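File shown: data31.tsv (TSV, C-alpha atoms).
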chain	number	residue	atom	x	y	z
N	208	MET	CA	-30.42	17.40	-18.11
N	209	LYS	CA	-28.92	17.65	-14.61
N	210	LYS	CA	-30.82	14.56	-13.42
N	211	ILE	CA	-29.84	12.61	-16.54
N	212	LEU	CA	-26.17	13.45	-16.07
N	213	ALA	CA	-26.37	12.67	-12.35
N	214	ARG	CA	-27.78	9.21	-13.13
N	215	TYR	CA	-24.95	8.68	-15.64
N	216	PHE	CA	-22.33	9.59	-13.03
N	217	HIS	CA	-24.04	7.48	-10.38
N	218	LYS	CA	-23.71	4.47	-12.68
N	219	LYS	CA	-19.99	5.23	-12.85
N	220	GLY	CA	-19.78	4.65	-9.09
N	221	ILE	CA	-20.24	8.18	-7.69
N	222	ASP	CA	-22.61	8.66	-4.76
N	223	ASN	CA	-25.85	10.63	-5.26
N	224	LYS	CA	-24.68	13.88	-3.65
N	225	ARG	CA	-21.47	14.12	-5.65
N	226	SER	CA	-23.21	12.95	-8.85
N	227	LEU	CA	-25.52	15.97	-8.64
N	228	LEU	CA	-22.59	18.28	-7.91
N	229	LEU	CA	-20.57	17.00	-10.87
N	230	ALA	CA	-23.63	17.21	-13.15
N	231	LYS	CA	-24.06	20.87	-12.18
N	232	MET	CA	-20.39	21.56	-12.94
N	233	VAL	CA	-20.58	19.88	-16.35
N	234	ILE	CA	-23.64	21.92	-17.34
N	235	GLN	CA	-21.90	25.15	-16.31
N	236	ASP	CA	-18.78	24.18	-18.25
N	237	TRP	CA	-20.74	23.18	-21.36
N	238	LYS	CA	-22.13	26.70	-21.67
N	239	VAL	CA	-18.78	28.47	-21.50
N	240	SER	CA	-16.57	26.05	-23.42
N	241	ASN	CA	-15.74	27.11	-26.99
N	242	ASP	CA	-14.75	23.61	-27.98
N	243	SER	CA	-16.82	21.68	-30.51
N	244	PHE	CA	-19.76	19.50	-29.54
N	245	ILE	CA	-17.76	16.41	-30.52
N	246	SER	CA	-14.79	17.50	-28.37
N	247	LYS	CA	-17.01	18.08	-25.35
N	248	ILE	CA	-18.63	14.67	-25.75
N	249	TRP	CA	-15.18	13.11	-26.06
N	250	ALA	CA	-14.06	14.78	-22.82
N	251	LEU	CA	-17.21	13.63	-21.04
N	252	GLN	CA	-16.70	10.06	-22.25
N	253	LYS	CA	-13.17	10.15	-20.83
N	254	GLY	CA	-14.52	11.40	-17.49
N	255	PHE	CA	-13.59	15.09	-17.80
N	256	ARG	CA	-15.59	18.29	-17.52
N	257	PRO	CA	-15.65	20.15	-20.89
N	258	THR	CA	-13.46	23.08	-19.79
N	259	ARG	CA	-10.66	20.66	-18.90
N	260	ILE	CA	-9.87	20.47	-22.64
N	261	GLN	CA	-8.52	24.01	-22.50
N	262	GLN	CA	-7.39	24.07	-18.87
N	263	TYR	CA	-5.25	20.96	-19.17
N	264	GLY	CA	-4.63	21.02	-22.92
N	265	LEU	CA	-6.26	17.58	-23.15
N	266	THR	CA	-5.51	15.45	-26.21
N	267	THR	CA	-6.00	11.81	-27.15
N	268	GLU	CA	-2.29	11.34	-26.33
N	269	ASN	CA	-2.07	12.97	-22.89
N	270	TYR	CA	-5.48	12.61	-21.20
N	271	LYS	CA	-4.46	9.42	-19.39
N	272	TYR	CA	-1.89	11.38	-17.38
N	273	TYR	CA	-4.63	13.52	-15.81
N	274	LEU	CA	-6.89	12.39	-12.99
N	275	SER	CA	-10.39	12.72	-14.43
N	276	ASP	CA	-13.28	14.37	-12.62
N	277	VAL	CA	-15.31	11.16	-12.66
N	278	ASP	CA	-12.48	9.11	-11.13
N	279	TYR	CA	-11.80	11.84	-8.57
N	280	PHE	CA	-15.40	11.92	-7.37
N	281	ARG	CA	-15.67	8.12	-7.61
N	282	MET	CA	-12.87	7.49	-5.12
N	283	HIS	CA	-14.42	9.63	-2.39
N	284	PRO	CA	-14.78	9.57	0.54
N	285	ILE	CA	-11.06	8.84	0.74
N	286	ASN	CA	-10.79	9.44	4.48
N	287	ASN	CA	-13.78	7.27	5.35
N	288	HIS	CA	-15.44	8.11	8.67
N	289	PHE	CA	-12.48	10.21	9.84
N	290	ALA	CA	-13.58	13.00	7.47
N	291	PHE	CA	-15.98	14.30	10.15
N	292	TRP	CA	-12.93	15.46	12.10
N	293	VAL	CA	-12.32	18.26	9.61
N	294	ASN	CA	-15.51	18.81	7.61
N	295	ASP	CA	-17.07	20.60	10.57
N	296	LYS	CA	-15.06	23.71	11.42
N	297	ILE	CA	-15.90	23.63	15.14
N	298	THR	CA	-14.79	20.02	15.49
N	299	LEU	CA	-11.52	20.89	13.76
N	300	ARG	CA	-10.79	23.69	16.24
N	301	TYR	CA	-11.26	21.30	19.17
N	302	MET	CA	-9.32	18.51	17.43
N	303	LEU	CA	-6.14	20.49	16.77
N	304	PRO	CA	-3.59	21.57	19.38
N	305	ASN	CA	-3.92	25.19	20.46
N	306	SER	CA	-0.35	26.03	19.45
N	307	ILE	CA	2.82	24.56	18.00
N	308	LYS	CA	6.46	25.29	18.73
N	309	ILE	CA	8.72	26.57	15.95
N	310	GLY	CA	12.23	26.80	17.36
N	311	ASP	CA	11.88	28.89	20.50
N	312	GLU	CA	8.64	30.50	19.29
N	313	GLU	CA	5.14	29.38	20.28
N	314	MET	CA	2.64	29.95	17.45
N	315	LEU	CA	-1.15	29.65	17.69
N	316	LEU	CA	-2.32	27.19	15.04
N	317	MET	CA	-5.87	28.47	14.42
N	318	PRO	CA	-7.85	31.70	14.94
N	319	LYS	CA	-9.69	32.15	18.23
N	320	TYR	CA	-13.23	30.73	18.25
N	321	TYR	CA	-15.75	32.80	20.21
N	322	LEU	CA	-19.31	31.76	19.43
N	323	TYR	CA	-21.48	29.25	17.60
N	324	ILE	CA	-25.05	30.19	16.70
N	325	GLU	CA	-26.96	26.91	16.70
N	326	ASN	CA	-29.51	25.98	14.02
N	327	ASP	CA	-32.34	26.87	16.40
N	328	GLY	CA	-30.73	30.25	17.12
N	329	HIS	CA	-29.38	29.72	20.62
N	330	PHE	CA	-25.81	30.66	21.48
N	331	THR	CA	-23.09	28.15	22.28
N	332	TYR	CA	-20.02	29.88	23.69
N	333	LEU	CA	-16.77	28.41	22.41
N	334	LEU	CA	-13.39	27.99	24.08
N	335	ASP	CA	-12.12	31.54	23.40
N	336	ALA	CA	-15.31	33.42	24.39
N	337	PRO	CA	-14.27	36.33	26.67
N	338	ASN	CA	-15.44	35.90	30.25
N	339	ASP	CA	-15.86	39.64	30.74
N	340	ILE	CA	-18.73	39.95	28.23
N	341	ALA	CA	-22.26	39.21	29.45
N	342	LYS	CA	-23.80	36.16	27.84
N	343	ASP	CA	-27.02	37.63	26.52
N	344	ILE	CA	-28.62	38.83	23.25
N	345	ASN	CA	-26.06	41.63	23.01
N	346	PHE	CA	-23.04	39.31	23.27
N	347	LEU	CA	-22.18	39.57	19.55
N	348	TYR	CA	-22.43	43.37	19.57
N	349	ASN	CA	-20.34	43.70	22.73
N	350	LEU	CA	-17.80	41.22	21.35
N	351	LEU	CA	-17.52	43.44	18.27
N	352	LEU	CA	-16.96	46.50	20.46
N	353	GLN	CA	-14.13	44.67	22.18
N	354	LYS	CA	-12.45	43.05	19.16
N	355	LYS	CA	-13.29	45.71	16.50
N	356	VAL	CA	-13.45	43.09	13.72
N	357	LEU	CA	-14.83	39.54	13.56
N	358	ALA	CA	-15.11	36.75	11.00
N	359	MET	CA	-18.42	34.87	10.67
N	360	LYS	CA	-18.87	31.79	8.50
N	361	PRO	CA	-21.10	28.72	8.19
N	362	SER	CA	-19.80	25.76	10.15
N	363	ASN	CA	-20.26	23.39	7.21
N	364	GLY	CA	-19.90	25.83	4.32
N	365	ASP	CA	-17.23	25.84	1.65
N	366	GLY	CA	-15.96	27.99	-1.19
N	367	GLY	CA	-16.28	31.14	0.91
N	368	ALA	CA	-20.08	31.08	0.61
N	369	GLY	CA	-21.86	33.01	3.36
N	370	PHE	CA	-18.71	34.59	4.82
N	371	VAL	CA	-19.29	37.86	6.72
N	372	LYS	CA	-16.64	40.33	7.83
N	373	LEU	CA	-18.19	42.23	10.74
N	374	TYR	CA	-16.24	45.31	11.78
N	375	LEU	CA	-16.37	48.83	13.19
N	376	ASN	CA	-15.53	51.77	10.96
N	377	GLU	CA	-15.63	55.09	12.83
N	378	ASN	CA	-18.19	53.57	15.21
N	379	ASN	CA	-20.33	52.36	12.30
N	380	ILE	CA	-21.17	48.64	12.26
N	381	CYS	CA	-20.19	47.19	8.87
N	382	TRP	CA	-21.53	43.89	7.55
N	383	ASN	CA	-19.04	43.26	4.76
N	384	GLU	CA	-19.39	46.61	2.92
N	385	GLU	CA	-22.88	47.45	4.25
N	386	VAL	CA	-23.37	49.82	7.20
N	387	ILE	CA	-26.04	48.53	9.60
N	388	SER	CA	-27.47	49.53	12.97
N	389	GLN	CA	-27.18	47.65	16.26
N	390	GLN	CA	-30.83	46.64	15.93
N	391	GLN	CA	-30.23	45.34	12.41
N	392	LEU	CA	-27.32	43.29	13.74
N	393	THR	CA	-29.61	41.78	16.38
N	394	ASP	CA	-32.28	41.11	13.77
N	395	ARG	CA	-29.78	39.35	11.52
N	396	LEU	CA	-29.06	36.76	14.17
N	397	GLY	CA	-32.05	35.02	12.62
N	398	ILE	CA	-30.10	34.33	9.40
N	399	LEU	CA	-26.88	33.29	11.10
N	400	HIS	CA	-28.03	29.85	12.21
N	401	GLY	CA	-25.17	27.37	11.96
N	402	TYR	CA	-22.57	30.16	11.99
N	403	ILE	CA	-19.25	30.38	13.82
N	404	VAL	CA	-17.90	33.72	15.05
N	405	THR	CA	-14.10	33.80	15.17
N	406	GLU	CA	-11.08	36.06	15.32
N	407	TYR	CA	-10.47	37.89	12.04
N	408	VAL	CA	-7.03	37.05	10.63
N	409	TYR	CA	-5.20	39.66	8.57
N	410	GLN	CA	-2.96	38.74	5.66
N	411	HIS	CA	0.67	39.65	4.98
N	412	GLN	CA	1.31	42.96	3.24
N	413	GLN	CA	2.88	41.19	0.26
N	414	LEU	CA	-0.36	39.33	-0.49
N	415	LYS	CA	-2.54	42.32	0.40
N	416	LYS	CA	-0.81	44.32	-2.33
N	417	VAL	CA	-2.06	41.87	-4.97
N	418	TRP	CA	-5.68	41.85	-3.74
N	419	PRO	CA	-6.34	44.20	-0.80
N	420	THR	CA	-10.09	44.17	-0.17
N	421	SER	CA	-10.36	40.64	1.27
N	422	GLU	CA	-8.02	38.02	2.69
N	423	ASN	CA	-6.19	35.66	0.31
N	424	THR	CA	-5.51	32.11	1.45
N	425	LEU	CA	-3.02	29.36	0.74
N	426	ARG	CA	-4.29	25.95	-0.34
N	427	ILE	CA	-1.90	23.09	0.35
N	428	VAL	CA	-2.86	19.56	-0.71
N	429	ALA	CA	-1.22	16.69	1.17
N	430	ILE	CA	-1.40	12.91	0.83
N	431	LYS	CA	-0.16	9.97	2.85
N	432	ASN	CA	1.25	6.93	1.06
N	433	ILE	CA	1.29	3.87	3.31
N	434	ASP	CA	3.78	1.20	2.20
N	435	ASP	CA	4.05	-0.65	5.50
N	436	LYS	CA	0.81	-1.03	7.46
N	437	TYR	CA	2.77	-0.58	10.68
N	438	ASP	CA	4.88	2.51	9.88
N	439	GLY	CA	2.10	5.12	9.91
N	440	GLY	CA	2.76	6.33	6.35
N	441	LYS	CA	4.62	9.31	4.92
N	442	ILE	CA	3.13	12.77	4.34
N	443	ASP	CA	3.87	14.47	1.00
N	444	VAL	CA	2.60	17.80	-0.33
N	445	ILE	CA	1.52	17.40	-3.96
N	446	SER	CA	0.18	20.90	-4.62
N	447	SER	CA	0.51	24.36	-3.07
N	448	TYR	CA	-0.82	27.69	-4.28
N	449	VAL	CA	-2.21	31.06	-3.19
N	450	ARG	CA	-5.88	31.86	-3.90
N	451	PHE	CA	-6.63	35.52	-4.64
N	452	GLY	CA	-9.96	37.30	-4.62
N	453	ALA	CA	-11.11	39.52	-7.50
N	454	LYS	CA	-13.83	41.97	-8.47
N	455	VAL	CA	-15.90	39.35	-10.25
N	456	SER	CA	-15.70	37.00	-7.24
N	457	LYS	CA	-16.77	39.81	-4.88
N	458	GLY	CA	-13.61	39.22	-2.92
N	459	VAL	CA	-14.01	35.46	-2.45
N	460	CYS	CA	-10.71	33.76	-3.28
N	461	ASN	CA	-12.31	30.49	-4.41
N	462	MET	CA	-11.70	29.70	-8.09
N	463	ALA	CA	-15.30	28.56	-8.54
N	464	ALA	CA	-16.41	32.12	-7.75
N	465	GLY	CA	-13.94	33.81	-10.10
N	466	GLY	CA	-10.79	34.00	-7.97
N	467	LEU	CA	-7.26	33.42	-9.26
N	468	ASN	CA	-4.60	30.95	-8.16
N	469	LEU	CA	-0.81	31.22	-8.13
N	470	ALA	CA	1.43	28.23	-7.42
N	471	PHE	CA	4.38	28.27	-5.04
N	472	GLU	CA	7.00	25.63	-4.28
N	473	PHE	CA	6.25	24.14	-0.89
N	474	ASN	CA	9.94	23.47	-0.15
N	475	THR	CA	11.20	26.97	-1.03
N	476	GLY	CA	8.18	29.30	-1.22
N	477	LYS	CA	9.11	30.46	-4.74
N	478	TYR	CA	6.09	31.56	-6.78
N	479	GLY	CA	5.17	30.12	-10.17
N	480	GLU	CA	5.13	31.92	-13.52
N	481	PHE	CA	1.41	32.65	-13.89
N	482	MET	CA	-1.99	32.89	-12.21
N	483	ASN	CA	-4.90	30.87	-13.52
N	484	ARG	CA	-8.64	31.51	-13.54
N	485	HIS	CA	-11.70	29.51	-14.59
N	486	LYS	CA	-12.68	30.19	-18.19
N	487	ARG	CA	-16.23	31.26	-17.45
N	488	PHE	CA	-14.85	34.35	-15.69
N	489	CYS	CA	-12.53	35.38	-18.54
N	490	GLU	CA	-13.45	37.78	-21.32
N	491	ASP	CA	-11.46	35.81	-23.91
N	492	ASP	CA	-9.72	32.46	-24.17
N	493	ASN	CA	-6.86	33.58	-21.92
N	494	ILE	CA	-7.04	31.83	-18.55
N	495	ARG	CA	-3.45	32.60	-17.49
N	496	PHE	CA	-2.23	35.93	-16.12
N	497	ILE	CA	1.23	37.23	-15.26
N	498	ALA	CA	-0.34	39.90	-13.02
N	499	HIS	CA	-3.67	40.18	-11.21
N	500	PRO	CA	-6.17	41.52	-13.80
N	501	ASP	CA	-7.78	43.97	-11.36
N	502	THR	CA	-4.72	45.40	-9.60
N	503	ASN	CA	-1.98	44.66	-12.17
N	504	GLU	CA	0.21	43.41	-9.31
N	505	SER	CA	2.48	40.40	-9.82
N	506	LEU	CA	4.46	38.12	-7.49
N	507	VAL	CA	6.40	36.32	-10.25
N	508	GLY	CA	10.05	36.02	-9.24
N	509	GLN	CA	9.28	36.51	-5.54
N	510	SER	CA	8.76	34.04	-2.68
N	511	LEU	CA	6.03	33.45	-0.12
N	512	PRO	CA	6.84	34.99	3.29
N	513	HIS	CA	7.11	32.77	6.39
N	514	ILE	CA	7.44	29.57	4.36
N	515	GLU	CA	9.10	27.81	7.32
N	516	LYS	CA	6.08	28.57	9.50
N	517	VAL	CA	3.73	27.37	6.77
N	518	GLN	CA	5.66	24.10	6.54
N	519	ALA	CA	5.63	23.66	10.33
N	520	ALA	CA	1.86	24.26	10.50
N	521	VAL	CA	1.15	21.78	7.71
N	522	TYR	CA	3.27	18.99	9.18
N	523	ALA	CA	1.95	19.60	12.69
N	524	LEU	CA	-1.61	19.32	11.41
N	525	CYS	CA	-0.90	16.23	9.31
N	526	ASN	CA	0.84	14.43	12.16
N	527	HIS	CA	-1.89	15.34	14.65
N	528	LEU	CA	-4.73	14.18	12.33
N	529	SER	CA	-2.82	11.00	11.64
N	530	SER	CA	-5.79	8.94	10.41
N	531	LEU	CA	-6.42	11.25	7.46
N	532	GLU	CA	-4.81	10.31	4.14
N	533	TYR	CA	-5.78	13.20	1.86
N	534	PHE	CA	-6.75	16.81	2.50
N	535	GLY	CA	-6.47	20.41	1.36
N	536	ILE	CA	-5.32	22.78	4.10
N	537	ASP	CA	-6.31	26.47	3.95
N	538	ILE	CA	-3.91	28.90	5.62
N	539	ILE	CA	-3.61	32.66	5.97
N	540	VAL	CA	-0.11	34.11	6.11
N	541	GLY	CA	0.04	37.15	8.38
N	542	ASP	CA	2.80	39.70	8.89
N	543	ASN	CA	4.23	37.71	11.80
N	544	ASP	CA	2.59	34.28	11.81
N	545	VAL	CA	0.35	31.85	9.94
N	546	LYS	CA	-3.09	30.46	10.88
N	547	VAL	CA	-4.90	27.33	9.69
N	548	LEU	CA	-8.46	28.27	8.68
N	549	GLU	CA	-9.94	24.94	7.66
N	550	VAL	CA	-9.29	21.54	6.10
N	551	ASN	CA	-11.10	20.21	3.03
N	552	THR	CA	-11.38	16.52	2.16
N	553	LEU	CA	-12.37	17.20	-1.47
N	554	PRO	CA	-10.07	20.01	-2.71
N	555	GLY	CA	-10.67	21.06	-6.31
N	556	LEU	CA	-8.70	19.43	-9.11
N	557	ASP	CA	-8.50	22.59	-11.24
N	558	SER	CA	-5.43	24.29	-9.90
N	559	MET	CA	-3.62	21.14	-8.85
N	560	GLN	CA	-3.33	19.89	-12.43
N	561	ILE	CA	-3.10	23.30	-14.13
N	562	LEU	CA	-0.37	24.68	-11.91
N	563	ASP	CA	1.48	21.51	-10.89
N	564	GLY	CA	0.88	19.34	-13.95
N	565	PRO	CA	-0.97	16.03	-14.42
N	566	LEU	CA	-1.22	14.02	-11.22
N	567	PHE	CA	-0.28	10.76	-12.91
N	568	LYS	CA	3.05	12.27	-13.96
N	569	ASN	CA	3.87	12.89	-10.31
N	570	PRO	CA	5.12	9.48	-9.07
N	571	ILE	CA	4.07	10.12	-5.46
N	572	ALA	CA	0.56	11.33	-6.39
N	573	ALA	CA	0.17	8.64	-9.06
N	574	LYS	CA	0.93	5.91	-6.55
N	575	PHE	CA	-1.64	7.25	-4.09
N	576	PHE	CA	-4.52	7.80	-6.53
N	577	ALA	CA	-3.90	4.58	-8.48
N	578	LYS	CA	-4.17	2.63	-5.24
N	579	LYS	CA	-7.43	4.39	-4.33
N	580	LEU	CA	-8.92	3.77	-7.77
N	581	SER	CA	-7.93	0.09	-7.72
N	582	LYS	CA	-10.09	-0.36	-4.63
N	583	LYS	CA	-13.10	1.05	-6.52
N	584	GLY	CA	-12.75	-1.49	-9.34
Spell out the structure here as structure tokens.
Amino acid sequence: MKKILARYFHKKGIDNKRSLLLAKMVIQDWKVSNDSFISKIWALQKGFRPTRIQQYGLTTENYKYYLSDVDYFRMHPINNHFAFWVNDKITLRYMLPNSIKIGDEEMLLMPKYYLYIENDGHFTYLLDAPNDIAKDINFLYNLLLQKKVLAMKPSNGDGGAGFVKLYLNENNICWNEEVISQQQLTDRLGILHGYIVTEYVYQHQQLKKVWPTSENTLRIVAIKNIDDKYDGGKIDVISSYVRFGAKVSKGVCNMAAGGLNLAFEFNTGKYGEFMNRHKRFCEDDNIRFIAHPDTNESLVGQSLPHIEKVQAAVYALCNHLSSLEYFGIDIIVGDNDVKVLEVNTLPGLDSMQILDGPLFKNPIAAKFFAKKLSKKG
């Protein structure tokens, strides 16, 4: 079935890789959707995954206002060859400025990058690697002794897959929640090929209260409409929300793993009225929550801290990566600052259109996506 669907999507103009990804998503959705067979077929014919019927409230009258999954995948890659700037996390760190100025304050834009473990296992020391630690097989262990906590993630991974929090707890080495020995840490270097080791960034206490056992990130989606080919274009944020981890997601804040999302206004920081979650992780038909289902904590009526710093980081990044037209920016808000974690050139549609409404009812977004689709025929 997956191959049949992938061929169907490929005929619609989607490349092979994304056709297989969309086919996988449709099969997953088909199993969890409670809608009728006829309704699911209708959604598929209109270019939507089956669960979009419930998520968006799709009807024969309103579906044209929503950007369909088929059209979304069909228009990619939007950023053409410039996407390589951000799809590799190491390249992004070297591409961006080390810091930005906000008033009289200098703020580091990204976490410190210490080490890259190459695909063949050898170490490449990155720009923030401490000079006072010997560069040998024990470098990672000695770095941990110095920093106490580290973040490790695949250079080309997404969705939080493969993330490791490495930290010391009363002199015990902890690999996520597992206690391991120094020898086990050395042995595990064999499964860390393609991994980056960076500074671990802690979240603001407000966000930690909602989900405390892992870090929750902002996702901000920006576009650039270009009216005059000489003016460089104008950056607009079309979606902004916080992604929270949960028990079912094992702490990962990605919605595809069972996390929850809560919108906030990019101009003011004010939170939305509900969190949303993918249906396949819900016990009933309810996909909207006033409070986090695991902690019963809510941010409704409150505002995101450090919104001015978030805005400054987003615009600094957008202006610096001036050849990019469309991207999702992931940010952690700390107690005193904000840090850009990564940039995604294919951010998920789910929360954008659930939390912020149909993209074709947003004049700025509609203009951008209609132009991209017109080029695909």
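Between atom CA of Tyr533 of chain N and atom CA of Val428 of chain N the interatomic distance comes to 7.5 Å.
Between atom CA of Leu556 of chain N and atom CA of His485 of chain N lies a distance of 11.9 Å.
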Taking all atoms listed in the file into account, which of N:Asn294, N:Gln235, N:Asn432, N:Asn286 comes nearest Ala573 of chain N? N:Asn432
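Using only C-alpha atoms, the set of residues no farther than 9 Å from the position (-5.6, 22.1, 3.4) comprises Leu425, Arg426, Ile427, Val428, Ala429, Val521, Phe534, Gly535, Ile536, Asp537, Ile538, Val547, Leu548, Glu549, Val550, Asn551, Thr552 and Pro554 of chain N.
You can rank N:Tyr279, N:Phe471, N:Tyr273, N:Phe451 by their closest distance to Asp501 of chain N using all atoms listed in the file, and at the top of that list sits N:Phe451.
Note that atom CA of Lys319 of chain N and atom CA of Tyr407 of chain N are 8.5 Å apart.
Each of N:Ile445, N:Ile398, N:Leu227, N:Ala464 was checked against Ala213 of chain N using all atoms listed in the file; the smallest atom-to-atom distance is that of N:Leu227.
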Give me, as a ChimeraX atom specification, all polymer residues having an atom no more than 12 Å from Asn503 of chain N, counting all atoms listed in the file and skipping those fewer than 2 positions away in the same chain. /N:416-418,453,482,496-501,505-507
Do a neighbour search on Gln262 of chain N at 12 Å with only C-alpha atoms, toss out local chain neighbours closer than 6 positions, and write the hits as JSON, numbers by chain. {"N": [236, 240, 242, 255, 256, 270, 273, 483, 484, 485, 486, 487, 492, 493, 494, 495, 556, 557, 558, 559, 560, 561, 562, 564, 565]}
Within 12 Å of Leu511 of chain N using only C-alpha atoms, minus same-chain residues under 4 positions, as a count of residues only: 32
Quick one: residues within 12 Å of Trp237 of chain N, all atoms listed in the file counted, chain neighbours fewer than 3 positions away excluded, as an NGL selection string? :N and (208-209 or 230-234 or 240-248 or 250-251 or 255-260 or 486-487)
From the set N:Leu229, N:Leu265, N:Ala577, N:Val455, which residue has the shortest atom-to-atom contact distance to Gly555 of chain N, counting all atoms listed in the file? N:Leu229
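The list of residues with at least one atom within 12 Å of Tyr272 of chain N, based on only C-alpha atoms and without residues fewer than 3 positions apart in the same chain, reads Lys253, Tyr263, Gly264, Leu265, Thr266, Thr267, Glu268, Asn269, Ser275, Gln560, Gly564, Pro565, Leu566, Phe567, Lys568, Asn569, Pro570, Ala572, Ala573, Phe576 and Ala577 of chain N.
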